[in-house]
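Enquirer: Quick one: the structure is below, questions incoming.
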There are 2 protein chains.
Amino acid sequence: MFDRSSSVSTIRRKPNQARSQERVNRILDVAEALFVSQGYAATTTNEIAKQAQVPIGSLYQFFSDKKAIVQALTVRYNQLLRERLALFSTAELTKLPLSTYVEQLIDTTTQFFNDYPGYYAIFMEVQGSVPEVQEVEDTADAQLVADLARSLVQRDASKDTVDYEIVTFVLVKAIGSLVWLSLGQEQAFQQRLIVEAKRLALSYLQSYFPSS
Amino acid sequence: MFDRSSSVSTIRRKPNQARSQERVNRILDVAEALFVSQGYAATTTNEIAKQAQVPIGSLYQFFSDKKAIVQALTVRYNQLLRERLALFSTAELTKLPLSTYVEQLIDTTTQFFNDYPGYYAIFMEVQGSVPEVQEVEDTADAQLVADLARSLVQRDASKDTVDYEIVTFVLVKAIGSLVWLSLGQEQAFQQRLIVEAKRLALSYLQSYFPSS
DNA sequence: CTACAATGTGAGCATTGCTCATGATTTGAC
DNA sequence: GTCAAATCATGAGCAATGCTCACATTGTAG
């Protein structure tokens, strides 16, 4: 193919590095597509390898086992979600009324799941049966909880008897499960559920911060 | 409406009837114990059969496949839970203050999960990956939602603009996920979560029924 | 007792996640 | 440039497991 022994002598670049990254991405893309269309359990690692045009042995050099593939996908997705939610930790949005803040937060999350339907399709099945995935998502949730708690403090630091962390923890988990649940519902019911999720979040928050 | 032919199918009226029922129960008991101690995926049907002292072929006469075994366990558990929660649909408890009502409801549920730790151990893993189980639990939740809605109407039927069903739906799902989540936590945090779950439920309900 | 039906049984098949012996490629000292 | 050693790539095949099905056993009727 290429003559790489020619001029530059002391270059130590690994020609495989880039190529390997390429292969890993192909594996992840193929796996994502197959998991969505057939489900995780029904997708064989051999088929992933074949469609990604990677020998099965090589696949197992990059991923220790089948679970590691979904885990990598989980990380990928959560990075995307985190980017979108980063806004809500800035000082800017802290000035909005609580109700607007909650609404936008929930809308942004819902929008994310609409933009990446694979997230729901895959993790609906895998939840619980793959501890590594659970762990990644718990970590992501924990970051969000901490970020939101900081944001809440910024909004109203006067209530020092309030445990901000547990309030945001409860919100992230309870609202998260409602939003998740809504994804599997008919359009109309889904929207109704989102409305109720916002009301649930807001009434809980107002029980702690009765001001505006 | 209801398919109850699932596990106890129409077995001939032979002297074996009783014996067969005995065997089915042994299989379920053994399966429950193994699922709890090793997990669902790690438990082989052959091992269940061996420990239940039933040939593998016979096991597959009673249960169409491995999933059918967890499904049967799910039905079993949900019958027990339903019994405990039946109280809350009676007129008696409707006279209690809303806060007390919510508290007792949540405490009863929590108590149930403490009494049957197998429920959590098994269904934590199986959630989502076995659609039949999901279905059974969704049906159980739907019954609870309907019962609670009726109970709410009884308490305050004046608000005819309120969609009681969706309110109880949101409560069952949101509070349910919090209670479920609390089961995997340290004792102290678990109790704290239950307290917050009650507050969440109550503040949401009070946003609809601002009375007492 | 004989013939037939119903039920019980477990060796073994098909599938699939994963390994590892073998071969190809790269490296670096001379 | 050469060559040995280290590194990486490959896919046939192993082990494990859910499930089947041909055969055995038990029960019934005439």
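Ordering of the structure tokens sets the chain letters (A, B, ...); residue numbers start at 1 within each chain; ligands are numbered from 1 in the order shown.
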What are the residues of chain B that have an atom within 7 Å of an atom of chain C, counting only C-alpha atoms (C1' of nucleotides), as a ChimeraX atom specification?
Expert: /B:55,57-58
Enquirer: Keeping only N, CA, C and O atoms, write the selected residues to a file as a PDB file, in the first residue's frame.
Expert:
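Wrote again08.pdb, looks like this:
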ATOM      1  N   PRO B  55     -37.599 -33.843  36.082  1.00  0.00           N
ATOM      2  CA  PRO B  55     -36.834 -33.932  34.836  1.00  0.00           C
ATOM      3  C   PRO B  55     -37.038 -32.677  34.005  1.00  0.00           C
ATOM      4  O   PRO B  55     -38.125 -32.088  34.020  1.00  0.00           O
ATOM      5  N   GLY B  57     -37.497 -32.247  30.994  1.00  0.00           N
ATOM      6  CA  GLY B  57     -38.615 -32.363  30.058  1.00  0.00           C
ATOM      7  C   GLY B  57     -39.945 -32.016  30.707  1.00  0.00           C
ATOM      8  O   GLY B  57     -40.797 -31.365  30.098  1.00  0.00           O
ATOM      9  N   SER B  58     -40.126 -32.463  31.935  1.00  0.00           N
ATOM     10  CA  SER B  58     -41.377 -32.166  32.634  1.00  0.00           C
ATOM     11  C   SER B  58     -41.497 -30.684  32.931  1.00  0.00           C
ATOM     12  O   SER B  58     -42.575 -30.092  32.807  1.00  0.00           O
TER      13      SER B  58
END
Enquirer: May I have the residues of chain D within 8 Å of chain B, counting only C-alpha atoms (C1' of nucleotides), written as a list in words?
Expert: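 On the chain D side, the interface is DT17, DG18 and DC19 of chain D.
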Enquirer: Those selected residues, please, written with C-alpha atoms (C1' of nucleotides) and delivered as a short mmCIF file (atom, residue, chain, number, x, y, z; two decimals), in the first residue's frame.
Expert:
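Wrote it out as out-v9.cif, contents follow:
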data_model
loop_
_atom_site.label_atom_id
_atom_site.label_comp_id
_atom_site.auth_asym_id
_atom_site.auth_seq_id
_atom_site.Cartn_x
_atom_site.Cartn_y
_atom_site.Cartn_z
"C1'" DT D 17 -27.30 -23.45 27.99
"C1'" DG D 18 -32.15 -23.20 26.52
"C1'" DC D 19 -35.02 -26.36 24.67
#
Enquirer: Tell me the residues of chain A close to chain B, meaning within 6 Å using only C-alpha atoms, as a PyMOL selection string.
Expert: chain A and resi 124-125+128-129+174+200+203-204
Enquirer: Write the residues you've just listed into a file as a PDB file, in the first residue's frame, and include N, CA and C atoms for each of them.
Expert:
ATOM      1  N   MET A 124     -34.246   0.444  27.445  1.00  0.00           N
ATOM      2  CA  MET A 124     -35.459  -0.131  27.991  1.00  0.00           C
ATOM      3  C   MET A 124     -35.232  -1.616  28.259  1.00  0.00           C
ATOM      4  N   GLU A 125     -34.597  -2.268  27.311  1.00  0.00           N
ATOM      5  CA  GLU A 125     -34.369  -3.703  27.443  1.00  0.00           C
ATOM      6  C   GLU A 125     -33.258  -4.025  28.424  1.00  0.00           C
ATOM      7  N   GLY A 128     -30.958  -2.878  34.206  1.00  0.00           N
ATOM      8  CA  GLY A 128     -30.994  -3.856  35.288  1.00  0.00           C
ATOM      9  C   GLY A 128     -30.212  -5.117  34.984  1.00  0.00           C
ATOM     10  N   SER A 129     -30.321  -5.603  33.759  1.00  0.00           N
ATOM     11  CA  SER A 129     -29.634  -6.858  33.476  1.00  0.00           C
ATOM     12  C   SER A 129     -28.153  -6.650  33.174  1.00  0.00           C
ATOM     13  N   ALA A 174     -37.508  10.878  40.205  1.00  0.00           N
ATOM     14  CA  ALA A 174     -38.958  10.779  40.008  1.00  0.00           C
ATOM     15  C   ALA A 174     -39.372  11.330  38.648  1.00  0.00           C
ATOM     16  N   LEU A 200     -45.815  18.101  39.098  1.00  0.00           N
ATOM     17  CA  LEU A 200     -45.267  17.344  40.222  1.00  0.00           C
ATOM     18  C   LEU A 200     -43.981  17.988  40.720  1.00  0.00           C
ATOM     19  N   SER A 203     -44.706  21.592  42.313  1.00  0.00           N
ATOM     20  CA  SER A 203     -45.380  21.631  43.627  1.00  0.00           C
ATOM     21  C   SER A 203     -44.435  21.123  44.719  1.00  0.00           C
ATOM     22  N   TYR A 204     -43.597  20.181  44.365  1.00  0.00           N
ATOM     23  CA  TYR A 204     -42.613  19.696  45.340  1.00  0.00           C
ATOM     24  C   TYR A 204     -41.610  20.798  45.669  1.00  0.00           C
TER      25      TYR A 204
END
Enquirer: Check stretch 19-92 of chain A with DSSP on the backbone and list each residue it calls alpha helix (DSSP H), as an NGL selection string.
Expert: :A and (19-38 or 45-51 or 56-62 or 66-86)
